[in-house]
Structures are given as structure tokens and as C-alpha cells.
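*Asks:* Below is the file work33.cif, which contains mmCIF, C-alpha atoms.
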```cif
data_input
loop_
_atom_site.label_atom_id
_atom_site.label_comp_id
_atom_site.auth_asym_id
_atom_site.auth_seq_id
_atom_site.Cartn_x
_atom_site.Cartn_y
_atom_site.Cartn_z
CA MET X 1 -17.12 74.57 -6.38
CA ARG X 2 -14.09 74.82 -8.66
CA PRO X 3 -12.23 78.09 -8.87
CA ASP X 4 -12.54 79.77 -12.18
CA ALA X 5 -10.16 78.35 -14.80
CA THR X 6 -8.80 81.82 -15.57
CA GLU X 7 -7.96 82.37 -11.93
CA ILE X 8 -5.99 79.10 -11.89
CA GLY X 9 -4.29 80.12 -15.13
CA ASP X 10 -3.21 83.47 -13.66
CA ALA X 11 -1.99 81.88 -10.43
CA ARG X 12 -0.06 79.37 -12.45
CA ARG X 13 1.64 82.01 -14.55
CA ARG X 14 2.76 83.76 -11.37
CA VAL X 15 4.24 80.54 -10.00
CA GLU X 16 5.86 79.72 -13.35
CA ALA X 17 7.52 83.12 -13.29
CA LEU X 18 9.11 82.13 -9.98
CA VAL X 19 10.29 78.68 -10.99
CA CYS X 20 11.57 79.55 -14.47
CA ASP X 21 14.84 80.83 -13.00
CA LEU X 22 15.54 77.74 -10.95
CA PRO X 23 18.12 75.14 -11.94
CA GLY X 24 17.10 71.75 -13.28
CA GLY X 25 14.40 73.25 -15.37
CA GLY X 26 13.47 70.46 -17.75
CA VAL X 27 9.76 69.92 -18.16
CA ASP X 28 10.14 66.19 -17.54
CA GLU X 29 12.19 66.79 -14.40
CA ARG X 30 9.58 69.10 -13.02
CA ALA X 31 6.65 66.77 -13.66
CA PHE X 32 5.23 65.44 -10.42
CA SER X 33 5.25 61.69 -10.05
CA GLU X 34 4.33 61.39 -6.37
CA PRO X 35 1.92 63.44 -4.28
CA TRP X 36 4.66 64.42 -1.81
CA GLU X 37 6.52 66.16 -4.63
CA LEU X 38 3.61 68.48 -5.25
CA ARG X 39 3.22 69.16 -1.49
CA ALA X 40 6.94 69.97 -1.19
CA PHE X 41 6.74 72.21 -4.24
CA ALA X 42 3.69 74.05 -2.92
CA MET X 43 5.21 74.46 0.56
CA ALA X 44 8.33 76.13 -0.78
CA VAL X 45 6.29 78.62 -2.77
CA ALA X 46 3.86 79.21 0.12
CA ALA X 47 6.66 79.84 2.65
CA TYR X 48 8.20 82.31 0.22
CA HIS X 49 4.84 84.05 -0.19
CA GLU X 50 4.71 84.30 3.60
CA GLY X 51 7.99 86.18 3.52
CA ARG X 52 10.04 83.49 5.27
CA TYR X 53 12.93 83.82 2.84
CA GLU X 54 13.97 85.50 -0.34
CA TRP X 55 13.40 83.48 -3.48
CA ALA X 56 17.09 83.91 -4.32
CA GLU X 57 17.97 82.08 -1.09
CA PHE X 58 15.85 79.13 -2.10
CA GLN X 59 17.34 79.20 -5.57
CA LEU X 60 20.87 79.13 -4.17
CA SER X 61 19.96 76.36 -1.78
CA LEU X 62 18.58 74.27 -4.65
CA VAL X 63 21.73 74.87 -6.71
CA GLN X 64 23.79 73.65 -3.76
CA ALA X 65 21.68 70.54 -3.23
CA ILE X 66 22.07 69.62 -6.88
CA THR X 67 25.80 70.37 -6.86
CA GLN X 68 26.21 68.16 -3.82
CA TRP X 69 24.45 65.34 -5.64
CA GLU X 70 26.67 65.81 -8.69
CA GLU X 71 29.78 65.70 -6.55
CA GLY X 72 28.52 62.50 -4.95
CA GLY X 73 29.24 60.80 -8.27
CA ALA X 74 25.69 59.67 -9.06
CA GLY X 75 25.67 57.25 -6.15
CA GLU X 76 22.04 58.26 -5.59
CA PRO X 77 19.42 58.23 -8.32
CA TRP X 78 18.35 61.63 -9.56
CA SER X 79 15.21 62.98 -7.97
CA TYR X 80 14.53 66.64 -8.64
CA TYR X 81 12.10 66.96 -5.78
CA GLU X 82 14.40 65.32 -3.24
CA HIS X 83 16.80 68.17 -4.00
CA TRP X 84 13.89 70.54 -3.78
CA LEU X 85 13.01 69.19 -0.33
CA THR X 86 16.63 69.41 0.80
CA ALA X 87 16.74 73.01 -0.40
CA LEU X 88 13.52 73.84 1.43
CA GLU X 89 14.72 72.31 4.69
CA THR X 90 18.05 74.08 4.40
CA VAL X 91 16.55 77.46 3.79
CA LEU X 92 14.07 77.00 6.66
CA ALA X 93 16.89 75.94 9.00
CA ASP X 94 19.08 78.86 7.92
CA ASN X 95 16.26 81.24 8.71
CA GLY X 96 15.71 79.69 12.11
CA VAL X 97 12.25 78.40 11.27
CA LEU X 98 12.73 74.65 11.79
CA SER X 99 15.64 72.49 12.81
CA ASP X 100 16.65 69.25 11.17
CA ALA X 101 16.39 67.41 14.49
CA ALA X 102 12.82 68.60 15.00
CA ILE X 103 11.82 67.44 11.52
CA ASP X 104 13.51 64.07 12.15
CA ALA X 105 11.58 63.64 15.38
CA ARG X 106 8.26 64.52 13.79
CA THR X 107 8.98 62.23 10.83
CA ARG X 108 9.49 59.33 13.23
CA GLU X 109 6.15 60.13 14.84
CA VAL X 110 4.42 60.17 11.45
CA LEU X 111 5.99 56.85 10.52
CA ALA X 112 4.94 55.33 13.83
CA VAL X 113 1.26 56.04 13.21
CA PRO X 114 -0.30 52.93 11.69
CA ARG X 115 -1.54 53.44 8.17
CA ASN X 116 -5.08 52.54 9.17
CA ALA X 117 -5.14 54.68 12.33
CA ASN X 118 -8.12 56.67 11.16
CA HIS X 119 -10.07 53.82 9.67
CA HIS X 120 -10.90 50.85 11.78
CA GLU X 121 -11.69 48.70 8.82
CA ALA X 122 -12.14 48.76 5.09
CA HIS X 123 -15.77 49.11 4.00
CA ARG X 124 -16.50 46.54 1.35
CA GLU X 125 -20.14 47.53 0.91
CA PRO X 126 -21.52 50.96 0.01
CA VAL X 127 -21.80 53.27 3.05
CA ALA X 128 -24.99 54.73 1.67
CA VAL X 129 -27.54 53.50 -0.85
CA SER X 130 -30.37 55.59 -2.20
CA PRO X 131 -32.62 53.10 -3.99
CA ALA X 132 -34.28 53.82 -7.31
CA ARG X 133 -37.66 55.36 -6.74
CA ARG X 134 -39.63 53.74 -9.51
CA MET N 1 25.22 76.90 5.62
CA ALA N 2 23.45 74.12 7.46
CA SER N 3 22.90 70.85 5.70
CA PRO N 4 19.79 69.41 7.26
CA THR N 5 19.26 66.39 5.07
CA ASP N 6 22.53 64.56 5.34
CA THR N 7 20.79 61.23 5.80
CA ARG N 8 19.53 60.15 2.41
CA LEU N 9 15.90 59.32 2.23
CA ARG N 10 15.41 55.84 0.96
CA THR N 11 11.84 54.95 0.39
CA GLN N 12 8.89 56.91 -0.90
CA ALA N 13 7.08 56.06 2.36
CA GLU N 14 9.84 57.70 4.38
CA ILE N 15 10.02 60.77 2.25
CA THR N 16 6.22 61.06 2.23
CA ALA N 17 6.30 60.97 6.04
CA ARG N 18 8.99 63.63 6.12
CA VAL N 19 7.05 65.97 3.87
CA LYS N 20 3.95 65.39 5.98
CA ALA N 21 5.95 66.12 9.14
CA LEU N 22 7.34 69.31 7.62
CA GLU N 23 3.91 70.45 6.51
CA SER N 24 2.30 69.84 9.91
CA MET N 25 5.10 71.72 11.68
CA LEU N 26 4.93 74.71 9.37
CA ILE N 27 1.17 74.87 9.84
CA GLU N 28 1.47 74.61 13.64
CA LYS N 29 3.98 77.43 13.66
CA GLY N 30 1.56 79.56 11.71
CA ILE N 31 3.95 79.91 8.80
CA MET N 32 1.36 78.78 6.30
CA THR N 33 -2.12 77.37 6.14
CA THR N 34 -3.31 74.12 4.63
CA ALA N 35 -5.52 76.24 2.38
CA ALA N 36 -2.51 78.12 1.00
CA ILE N 37 -0.73 74.86 0.16
CA ASP N 38 -3.90 73.41 -1.32
CA ARG N 39 -4.38 76.48 -3.50
CA LEU N 40 -0.91 76.08 -4.95
CA ALA N 41 -1.28 72.34 -5.34
CA GLU N 42 -4.56 72.86 -7.14
CA ILE N 43 -2.79 74.78 -9.89
CA TYR N 44 -0.96 71.60 -10.78
CA GLU N 45 -3.27 68.86 -9.65
CA ASN N 46 -4.48 68.11 -13.13
CA GLU N 47 -0.96 67.14 -14.11
CA VAL N 48 -0.62 64.49 -11.47
CA GLY N 49 -3.49 62.30 -12.11
CA PRO N 50 -6.87 62.44 -13.72
CA GLN N 51 -5.58 61.95 -17.23
CA LEU N 52 -4.19 58.58 -16.15
CA GLY N 53 -7.56 57.52 -14.81
CA ALA N 54 -9.11 58.77 -18.04
CA GLN N 55 -6.82 56.50 -20.06
CA VAL N 56 -7.84 53.53 -17.95
CA VAL N 57 -11.53 54.36 -18.42
CA ALA N 58 -11.10 54.78 -22.18
CA ARG N 59 -9.39 51.41 -22.42
CA ALA N 60 -12.15 49.77 -20.37
CA TRP N 61 -14.70 51.26 -22.79
CA THR N 62 -12.91 49.83 -25.81
CA ASP N 63 -11.52 46.54 -24.49
CA PRO N 64 -14.10 44.33 -22.75
CA GLU N 65 -11.50 41.89 -21.46
CA PHE N 66 -9.52 44.70 -19.89
CA LYS N 67 -12.70 46.01 -18.33
CA GLU N 68 -13.33 42.61 -16.75
CA ARG N 69 -9.83 42.59 -15.30
CA LEU N 70 -10.24 46.18 -14.10
CA LEU N 71 -13.44 45.38 -12.23
CA ALA N 72 -11.92 42.20 -10.78
CA ASP N 73 -8.67 43.80 -9.60
CA ALA N 74 -8.17 47.48 -10.39
CA SER N 75 -4.67 47.69 -8.91
CA ALA N 76 -3.42 44.86 -11.13
CA ALA N 77 -5.17 46.21 -14.22
CA CYS N 78 -3.64 49.66 -13.66
CA THR N 79 -0.19 48.13 -13.17
CA GLU N 80 -0.69 46.51 -16.56
CA MET N 81 -0.92 50.02 -18.02
CA GLY N 82 2.14 51.17 -16.12
CA ILE N 83 0.13 53.02 -13.48
CA GLY N 84 1.20 52.24 -9.95
CA GLY N 85 2.37 54.07 -6.92
CA LEU N 86 0.18 52.65 -4.21
CA GLN N 87 2.05 50.81 -1.52
CA GLY N 88 -0.08 47.93 -0.41
CA GLU N 89 -3.37 49.72 -0.79
CA GLU N 90 -6.03 48.15 -2.90
CA MET N 91 -7.99 50.04 -5.57
CA VAL N 92 -11.52 49.04 -6.44
CA VAL N 93 -13.39 50.31 -9.48
CA VAL N 94 -17.19 50.47 -9.25
CA GLU N 95 -19.09 50.51 -12.53
CA ASN N 96 -21.95 52.84 -13.39
CA THR N 97 -24.80 51.19 -15.27
CA ASP N 98 -28.26 52.16 -16.48
CA THR N 99 -29.61 51.24 -13.04
CA VAL N 100 -26.76 52.10 -10.63
CA HIS N 101 -24.80 55.31 -10.16
CA ASN N 102 -21.75 55.29 -7.87
CA ALA N 103 -19.87 58.04 -6.08
CA ILE N 104 -16.88 57.97 -3.75
CA VAL N 105 -16.03 59.64 -0.48
CA CYS N 106 -13.65 59.25 2.41
CA THR N 107 -15.87 59.82 5.42
CA LEU N 108 -13.00 60.18 7.89
CA CYS N 109 -10.25 62.02 6.08
CA SER N 110 -9.27 62.27 2.44
CA CYS N 111 -8.29 58.82 1.18
CA TYR N 112 -8.32 59.03 -2.59
CA PRO N 113 -7.08 56.91 -5.50
CA TRP N 114 -4.33 59.38 -6.33
CA PRO N 115 -2.33 57.27 -8.81
CA VAL N 116 -5.25 57.57 -11.22
CA LEU N 117 -6.98 60.76 -10.10
CA GLY N 118 -4.14 62.92 -8.78
CA LEU N 119 -4.59 64.84 -5.57
CA PRO N 120 -8.08 65.21 -4.16
CA PRO N 121 -9.84 68.53 -4.78
CA ASN N 122 -10.37 70.69 -1.70
CA TRP N 123 -14.09 70.02 -1.51
CA TYR N 124 -13.46 66.26 -1.37
CA LYS N 125 -11.60 66.81 1.89
CA ALA N 126 -14.15 69.22 3.33
CA PRO N 127 -16.37 67.97 6.20
CA ALA N 128 -19.47 69.19 4.34
CA TYR N 129 -19.00 66.83 1.42
CA ARG N 130 -17.83 63.93 3.56
CA ALA N 131 -20.88 64.01 5.78
CA ARG N 132 -23.60 65.08 3.37
CA ILE N 133 -22.84 62.79 0.45
CA VAL N 134 -23.59 59.87 2.80
CA ARG N 135 -26.69 61.41 4.39
CA GLU N 136 -28.39 62.82 1.33
CA PRO N 137 -26.50 61.68 -1.76
CA ARG N 138 -29.12 62.58 -4.36
CA LYS N 139 -29.55 66.07 -2.96
CA VAL N 140 -25.82 66.75 -2.83
CA LEU N 141 -25.32 65.51 -6.38
CA ALA N 142 -28.22 67.58 -7.67
CA GLU N 143 -27.74 70.76 -5.65
CA ASP N 144 -24.01 71.03 -4.96
CA PHE N 145 -22.80 69.56 -8.21
CA GLY N 146 -25.70 70.30 -10.56
CA PHE N 147 -25.68 66.64 -11.45
CA PRO N 148 -29.07 65.08 -10.69
CA VAL N 149 -29.28 61.31 -10.89
CA PRO N 150 -32.56 60.08 -12.40
CA ASP N 151 -35.06 58.69 -9.92
CA ASP N 152 -35.00 55.25 -11.50
CA VAL N 153 -31.28 54.88 -10.87
CA GLU N 154 -29.97 53.64 -7.53
CA VAL N 155 -27.20 55.71 -5.94
CA ARG N 156 -24.40 53.97 -4.07
CA ILE N 157 -21.76 55.79 -2.04
CA TRP N 158 -18.43 54.05 -1.41
CA ASP N 159 -16.22 54.96 1.54
CA SER N 160 -12.50 54.81 0.80
CA SER N 161 -10.04 54.01 3.53
CA SER N 162 -6.30 53.94 3.77
CA GLU N 163 -6.17 50.37 2.56
CA LEU N 164 -9.05 50.34 0.10
CA ARG N 165 -9.63 53.12 -2.42
CA TYR N 166 -12.62 53.30 -4.71
CA TRP N 167 -13.14 55.11 -7.96
CA VAL N 168 -15.88 55.13 -10.55
CA LEU N 169 -16.02 53.73 -14.07
CA PRO N 170 -18.50 56.08 -15.76
CA GLN N 171 -20.72 54.97 -18.63
CA ARG N 172 -19.49 55.49 -22.15
CA PRO N 173 -21.52 58.31 -23.67
CA ALA N 174 -23.80 57.63 -26.61
CA GLY N 175 -22.58 58.60 -30.04
CA THR N 176 -18.94 57.73 -29.38
CA GLU N 177 -18.86 54.44 -31.29
CA ASP N 178 -16.40 55.79 -33.85
CA LEU N 179 -13.96 57.31 -31.38
CA GLY N 180 -10.62 55.77 -30.49
CA ALA N 181 -9.18 55.41 -26.99
CA PHE N 182 -7.28 58.69 -27.24
CA GLU N 183 -10.36 60.74 -28.11
CA LEU N 184 -12.46 58.87 -25.56
CA ALA N 185 -9.97 59.63 -22.77
CA ALA N 186 -10.44 63.34 -23.46
CA LEU N 187 -14.12 62.96 -22.57
CA VAL N 188 -13.44 61.52 -19.12
CA THR N 189 -13.47 64.15 -16.38
CA ARG N 190 -12.07 63.86 -12.88
CA ASP N 191 -15.52 64.48 -11.44
CA SER N 192 -16.99 61.65 -13.50
CA MET N 193 -14.51 59.25 -11.86
CA ILE N 194 -15.47 60.56 -8.41
CA GLY N 195 -19.11 60.17 -9.41
CA VAL N 196 -20.15 63.79 -8.92
CA GLY N 197 -20.20 64.91 -12.54
CA PRO N 198 -20.82 63.79 -16.10
CA VAL N 199 -18.37 62.75 -18.77
CA ARG N 200 -18.13 65.18 -21.65
CA THR N 201 -20.09 64.54 -24.79
CA PRO N 202 -18.25 64.72 -28.11
#
```
Would you mind writing the file's structure down as C-alpha cells?
*Replies:*
Amino acid sequence: MRPDATEIGDARRRVEALVCDLPGGGVDERAFSEPWELRAFAMAVAAYHEGRYEWAEFQLSLVQAITQWEEGGAGEPWSYYEHWLTALETVLADNGVLSDAAIDARTREVLAVPRNANHHEAHREPVAVSPARR
Amino acid sequence: MASPTDTRLRTQAEITARVKALESMLIEKGIMTTAAIDRLAEIYENEVGPQLGAQVVARAWTDPEFKERLLADASAACTEMGIGGLQGEEMVVVENTDTVHNAIVCTLCSCYPWPVLGLPPNWYKAPAYRARIVREPRKVLAEDFGFPVPDDVEVRIWDSSSELRYWVLPQRPAGTEDLGAFELAALVTRDSMIGVGPVRTP
């Protein structure tokens, strides 16, 4: 059920080749600490693979997001992937894919959905038990 | 150039919602597929989590008092080790014994104890696993995962939800009495904490 480890290794090397030219390249900075960071990372690479923008555009956009943060005088804590997300949104907006207002609206919808919308209640007992047979 | 994110995102919950919104819109517009994002995420998923869960398991194997605390309140015990990240959701650890084997699922979506296990693998989110592990757990474990559970061991399947997330404390393998926590953690696999695979043997 798992893809072959070599296949993952090859795919990873291809992605690493893309990200090695980006700013803010420290290993610690790039480590993912929240699931959304990995989703944002993967989306930017996937949209590029789909030919939605040139990688150089994304790179420039990320440089600008970081520069903007630097000029803000460290009023906001550093978060590499917040800059990453800003860069992704910018490059999508510039290419006419998605507008900021549309993302805002959808974000409000997501936030309005109760956390337990899909699950009526927590199951405190096993949902299935297959007893020992002897 | 446009500057779409001029409002600073404050909380992790807000930014998580924004990323989710962005993802759903890009998928709707046909710009990318969930599978494409998953494939990329999978390259890195091992960095996000399972090694943290493995450290918790190794400590539980070597520190009986910690194990007691872990089984009583997994969220608190993980916080003790500096592992957090859940916002209000409860984690519950179920212990494998000589007579009981546990496995986890989210029957309705893909709820998963990500602070300790990282992002869920694709198959965990697939309808096939979610339905079949409940209907015929022994068969799925034996046939899909090549991990048969002995007949004299009861199998229990635990359904995670958005507010309650289960994971499995596997049994410490025999012949590891001389190993320290660091070496023990290397034996703990992601699948063993989902309950669909063995721990490694030294």
C-alpha cells in the first residue's frame, strides 16, 4: 500500500531541486510544525507542476513577502510558511486564478462549520470488536 | 503586484481554515487534485510526526509511571514531552496486550492524531479502509496489511472523531531489555501506532 521508498526518494530530490533556490533556506525554518504548512507547501509545488505559474514568479513573490515582513520591523513573529502562503496567494492572484476576496469568503465558510460537523458524537467504545476465537 | 494577505493571520485555527479554503477552491477549479497534493505531502509526512509518537511509545516502554499517565490522559502526557498542537481535541492511547490488539480508523473522514503521527497516509483516508476495517478487521489486517492477528487475541477498532483521537501503544518486542529509549524509538513504526503493522525487531 505504500509507494516504493525509492520512488519517494526520487520525488523528493526533484522537489528539493526546486526549493533549494528559494530564500529562507535554513533546514530548521523549512521543518513543518503544523499540518497546514505541509499542505501549503505541497499546493505551491502542485500548482507549479500544473503550469499555473513559473517557479521564478513564486520565488520572487516569496522574497517580497519576506522583505515586507522585515520592513515591518519584526512586529509579527517569524513564520516561514505564513510567508510561503502569502507568496502562493499573491502568485495565484497575479495569474488570475483566485482573488483574495474569494479566499476570504471561503475561509469564513470553513470557520463557520462546527468542528464536529461530520461526527455527531465521540465514540468512547470500540466501533468493532472481533473476539478471540479460542 | 497584488498583495492578497494584508490582514495578518492570527491563530493557527484561522490559518488552517484559510489553507483548507484555498485547497478546496483550487481543487474545484480543476487546478490540482487532492491526490497530487497528497503525493507531495507524502514525501515529507515522515518529518511531521511519527518519530514523535515513537518517542512517546519508547518512553512508555521504559517508564511505567509515564505509561500510566499516558493511558490515563494522552494529551497531558504528550504535553509533558513537549508535544502539543491539538486545539481542544482529546487524544486517547489504547494499549496492545497479549490478549487485545487495537487499531484505529476514522469512519467518516480522516481524523488522525497528527501531533504524534504526522499526516495520515492516503489509504487511511480511503473509503475502502474506513469501511472494511470495521466490517472485517481481521481479514483487512491479514490480507491488506500482511499483518495477521493470532486467533486467540481480540481485535478492537477505535473510531476517531474531531474531538477524540485514538492511537495505539504497541507491545515492546522481546529481546529489547538492554535497549535505551533512543534505540527503542527507532523500532516503532507509524503503522504499529495505527495498529496495522508490527514494530521492528532489533
*Asks:* Given the file shown, enumerate the residues that the PyMOL selection byres ((chain X) within 8 of (chain N)) captures and present them as a ChimeraX atom specification.
*Replies:* /X:1,8-9,11-12,31-36,38-40,42-43,45-47,50,52,85-86,89-90,93-94,99-100,103-104,106-107,110-111,115-116,118-119,121-123,125-134
*Asks:* One decimal, in Å: what's the spacing between atom CA of Pro113 of chain N and atom CA of Met91 of chain N?
*Replies:* 6.9 Å
*Asks:* Specify as a ChimeraX atom specification each residue included when the PyMOL selection byres ((chain X and resi 57-71) around 6) is applied to this file.
*Replies:* /X:22,54-56,72-73,83,87
*Asks:* Measure the distance from atom CA of Gly146 of chain N to atom CA of Arg130 of chain N in Å and round it to one decimal.
*Replies:*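 Going from atom CA of Gly146 of chain N over to atom CA of Arg130 of chain N, I get 17.4 Å.
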*Asks:* For atom CA of Val188 of chain N and atom CA of Ala131 of chain N, quote the distance in Å rounded to one decimal.
*Replies:*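 Between atom CA of Val188 of chain N and atom CA of Ala131 of chain N the gap works out to 26.1 Å.
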*Asks:* What does the PyMOL selection byres ((chain N and resi 170-173) around 7) select in this file, as a VMD selection string?
*Replies:* chain N and resid 61 95 to 97 168 to 169 174 to 176 192 to 193 201
*Asks:* Is it possible to get the residues within 8 Å of (-3.2, 60.8, -24.0) (coordinates as in the file, counting only C-alpha atoms) written as a PyMOL selection string?
*Replies:* chain N and resi 51+55+182+185-186
*Asks:* Select, from N:Glu143, N:Tyr124, N:Val56, N:Asp178, the residue with the minimum atom-to-atom distance to Glu80 of chain N, counting all atoms listed in the file.
*Replies:*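 Under the stated criterion, the closest residue is N:Val56.
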*Asks:* Quick one: of N:Val116, N:Leu70, N:Met81, N:Ala181, who's nearest to Pro50 of chain N, counting all atoms listed in the file?
*Replies:* N:Val116
*Asks:* For a quick check of understanding, using only C-alpha atoms, which of X:Arg108, X:Arg13, X:Ala44, X:His49 has the smallest distance to Val91 of chain X?
*Replies:*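 Of X:Arg108, X:Arg13, X:Ala44, X:His49, the one nearest Val91 of chain X, counting only C-alpha atoms, is X:Ala44.
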*Asks:* Dump N, CA and C atoms of segment 48-76 of chain N from the given block, as a CSV table (one decimal), in the first residue's frame.
*Replies:*
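Now in decode_11.csv:
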```csv
chain,number,residue,atom,x,y,z
N,48,VAL,N,6.9,15.1,9.8
N,48,VAL,CA,6.0,15.8,10.6
N,48,VAL,C,5.7,15.1,11.9
N,49,GLY,N,5.6,13.8,11.8
N,49,GLY,CA,5.1,13.2,13.0
N,49,GLY,C,5.6,11.9,13.6
N,50,PRO,N,5.6,10.8,12.9
N,50,PRO,CA,5.6,9.5,13.5
N,50,PRO,C,6.8,9.4,14.5
N,51,GLN,N,7.9,10.1,14.2
N,51,GLN,CA,9.0,9.9,15.2
N,51,GLN,C,8.7,10.5,16.5
N,52,LEU,N,7.7,11.5,16.6
N,52,LEU,CA,7.3,12.0,17.9
N,52,LEU,C,6.5,10.9,18.7
N,53,GLY,N,5.6,10.3,18.0
N,53,GLY,CA,4.8,9.2,18.6
N,53,GLY,C,5.8,8.1,19.0
N,54,ALA,N,6.8,7.8,18.2
N,54,ALA,CA,7.7,6.8,18.6
N,54,ALA,C,8.5,7.1,19.8
N,55,GLN,N,8.8,8.4,20.1
N,55,GLN,CA,9.5,8.7,21.3
N,55,GLN,C,8.6,8.5,22.5
N,56,VAL,N,7.3,8.8,22.3
N,56,VAL,CA,6.3,8.7,23.4
N,56,VAL,C,6.2,7.2,23.7
N,57,VAL,N,6.1,6.3,22.7
N,57,VAL,CA,6.0,4.9,22.9
N,57,VAL,C,7.2,4.4,23.6
N,58,ALA,N,8.4,4.8,23.2
N,58,ALA,CA,9.6,4.3,23.8
N,58,ALA,C,9.7,4.7,25.3
N,59,ARG,N,9.2,5.9,25.6
N,59,ARG,CA,9.2,6.3,27.0
N,59,ARG,C,8.3,5.5,27.8
N,60,ALA,N,7.1,5.2,27.2
N,60,ALA,CA,6.1,4.4,27.9
N,60,ALA,C,6.6,3.0,28.2
N,61,TRP,N,7.5,2.5,27.2
N,61,TRP,CA,8.1,1.1,27.4
N,61,TRP,C,9.1,1.1,28.6
N,62,THR,N,9.7,2.3,28.8
N,62,THR,CA,10.8,2.3,29.7
N,62,THR,C,10.5,2.9,31.1
N,63,ASP,N,9.3,3.6,31.1
N,63,ASP,CA,9.0,4.4,32.3
N,63,ASP,C,7.5,4.1,32.7
N,64,PRO,N,7.3,3.1,33.6
N,64,PRO,CA,6.0,2.6,33.9
N,64,PRO,C,5.0,3.7,34.4
N,65,GLU,N,5.6,4.7,35.1
N,65,GLU,CA,4.7,5.7,35.7
N,65,GLU,C,4.3,6.6,34.5
N,66,PHE,N,5.2,6.9,33.6
N,66,PHE,CA,4.8,7.7,32.4
N,66,PHE,C,3.7,6.9,31.6
N,67,LYS,N,3.9,5.6,31.5
N,67,LYS,CA,2.9,4.9,30.7
N,67,LYS,C,1.5,5.0,31.4
N,68,GLU,N,1.5,4.9,32.7
N,68,GLU,CA,0.2,5.1,33.4
N,68,GLU,C,-0.4,6.4,33.1
N,69,ARG,N,0.4,7.5,33.1
N,69,ARG,CA,-0.1,8.8,32.8
N,69,ARG,C,-0.6,8.9,31.4
N,70,LEU,N,0.1,8.2,30.5
N,70,LEU,CA,-0.2,8.3,29.1
N,70,LEU,C,-1.6,7.6,28.8
N,71,LEU,N,-1.8,6.5,29.5
N,71,LEU,CA,-3.0,5.8,29.3
N,71,LEU,C,-4.2,6.5,30.0
N,72,ALA,N,-3.9,7.2,31.0
N,72,ALA,CA,-4.9,8.0,31.7
N,72,ALA,C,-5.3,9.2,30.9
N,73,ASP,N,-4.3,9.9,30.4
N,73,ASP,CA,-4.6,11.2,29.7
N,73,ASP,C,-3.4,11.4,28.7
N,74,ALA,N,-3.6,11.0,27.5
N,74,ALA,CA,-2.6,11.0,26.5
N,74,ALA,C,-2.2,12.4,26.1
N,75,SER,N,-3.2,13.3,26.0
N,75,SER,CA,-2.9,14.7,25.7
N,75,SER,C,-1.9,15.3,26.7
N,76,ALA,N,-2.2,15.1,28.0
N,76,ALA,CA,-1.4,15.7,29.0
N,76,ALA,C,0.0,15.1,29.1
```
